[in-house]
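Structure record follows, encoded as structure tokens.
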Amino acid sequence: VQLQASGGGLVQAGGSLRLSCAASGRTFSSSAMGWFRQAPGKEHEFVAHISSSGESKVYADSAKGRFTISRDNAKNTVYLQMNSLNPEDTAVYYCAVDLIQNRRIWNLPLPAADFGSWGQGTLVTVSS
């Protein structure tokens, strides 16, 4: 699977953005997906995860109540709707394929090392 994230940009605090991640390859619909972000000088930070069917979703504490992950398997695309953005959300956002089959999520955050097929991210900048 090859991934390409898009939809980032500059937004004022309190604003919204919708990120998209387009996937190529026939295995997308059978793959759980994750969104991560990386701020300057920091490691990849888990944001949200969605199961292959889209029925199961989990979020980092920083994303709960503000972000919504979704997917359209017919379009080979996963989305991240981000509302009530604040400057701390400024980062490059990446989507990635969960390499763990049939993952059971007991603990968060999910480690970036469990994910693959990282594509180019999309930059989100939130101004105060």
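Chain labels follow the order of the structure tokens: the first chain is A, the next B, and so on; residue numbering restarts at 1 in every chain, and ligands are counted from 1 in their shown order.
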>> What's around A:Phe67 at 6 Å? Count only C-alpha atoms, leave out sequence neighbours fewer than 2 positions away in its own chain, and write the answer as a PyMOL selection string.
In response: chain A and resi 63+81-82
>> DSSP on the backbone: which residues in chain A end up as strand (DSSP E or B)? Give the answer as a ChimeraX atom specification.
In response: /A:2-6,9-12,17-24,33-38,45-50,57-59,67-72,77-82,91-98,115-116,120,122-127
For the residues in the current selection, export C-alpha atoms as a short mmCIF file (atom, residue, chain, number, x, y, z; two decimals), in the first residue's frame.
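Dumped everything to out05.cif:
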```
data_model
loop_
_atom_site.label_atom_id
_atom_site.label_comp_id
_atom_site.auth_asym_id
_atom_site.auth_seq_id
_atom_site.Cartn_x
_atom_site.Cartn_y
_atom_site.Cartn_z
CA GLN A 2 1.23 3.47 -0.88
CA LEU A 3 -0.20 6.42 1.01
CA GLN A 4 -0.50 10.12 0.28
CA ALA A 5 -1.83 12.53 2.87
CA SER A 6 -3.34 15.87 1.92
CA GLY A 9 -2.76 24.13 5.69
CA LEU A 10 -2.75 27.23 7.82
CA VAL A 11 -5.74 27.75 10.08
CA GLN A 12 -6.52 30.01 13.01
CA LEU A 17 -9.39 21.04 8.76
CA ARG A 18 -10.16 17.74 7.11
CA LEU A 19 -7.19 15.60 6.20
CA SER A 20 -7.36 12.86 3.61
CA CYS A 21 -5.11 9.90 3.03
CA ALA A 22 -5.40 8.24 -0.35
CA ALA A 23 -4.15 4.69 -0.63
CA SER A 24 -3.16 2.65 -3.61
CA MET A 33 -5.07 2.54 9.63
CA GLY A 34 -3.62 5.15 11.89
CA TRP A 35 -2.97 8.87 11.92
CA PHE A 36 0.16 10.21 13.56
CA ARG A 37 1.70 13.62 13.79
CA GLN A 38 5.19 14.94 14.24
CA GLU A 45 2.79 11.00 18.14
CA PHE A 46 -0.23 8.73 17.84
CA VAL A 47 -3.46 10.55 17.02
CA ALA A 48 -6.15 8.08 15.97
CA HIS A 49 -6.72 4.52 14.76
CA ILE A 50 -9.50 2.91 12.75
CA LYS A 57 -12.00 3.83 16.40
CA VAL A 58 -9.67 4.97 19.13
CA TYR A 59 -8.11 8.34 19.84
CA PHE A 67 -10.92 14.83 15.98
CA THR A 68 -12.86 12.18 14.08
CA ILE A 69 -11.28 9.41 12.05
CA SER A 70 -13.25 7.75 9.26
CA ARG A 71 -12.68 5.79 6.09
CA ASP A 72 -14.28 5.07 2.76
CA THR A 77 -9.29 6.81 1.59
CA VAL A 78 -9.06 7.48 5.31
CA TYR A 79 -9.94 10.86 6.77
CA LEU A 80 -9.20 12.90 9.86
CA GLN A 81 -11.66 15.65 10.65
CA MET A 82 -10.05 18.08 13.06
CA ALA A 91 2.65 19.31 13.12
CA VAL A 92 3.14 17.24 10.02
CA TYR A 93 0.35 14.67 9.94
CA TYR A 94 0.91 11.20 8.53
CA CYS A 95 -1.29 8.22 7.85
CA ALA A 96 0.10 4.73 8.08
CA VAL A 97 -0.94 1.11 7.80
CA ASP A 98 -1.29 -0.92 10.99
CA PHE A 115 2.87 0.94 11.51
CA GLY A 116 4.24 0.98 8.00
CA GLN A 120 4.50 11.97 2.73
CA THR A 122 0.71 17.00 5.27
CA LEU A 123 1.61 20.09 7.28
CA VAL A 124 -0.96 21.60 9.63
CA THR A 125 -0.16 24.99 11.10
CA VAL A 126 -2.46 26.54 13.66
CA SER A 127 -1.95 30.19 14.43
#
```
>> Considering only C-alpha atoms, can you say which of A:Ala113, A:Leu108, A:Ala13, A:Ile100 comes closest to A:Asp61?
In response: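 The closest residue to A:Asp61 is A:Leu108.
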> In Å to one decimal, how far is atom CA of A:Asn86 from atom CA of A:Gly14?
Replying inline: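 So the answer is 6.2 Å.
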> Using only C-alpha atoms, which of A:Gly119, A:Pro109, A:Gly7, A:Ser29 sits nearest A:Ala74?
Replying inline: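 Ranked by minimum distance to A:Ala74, first place goes to A:Ser29.
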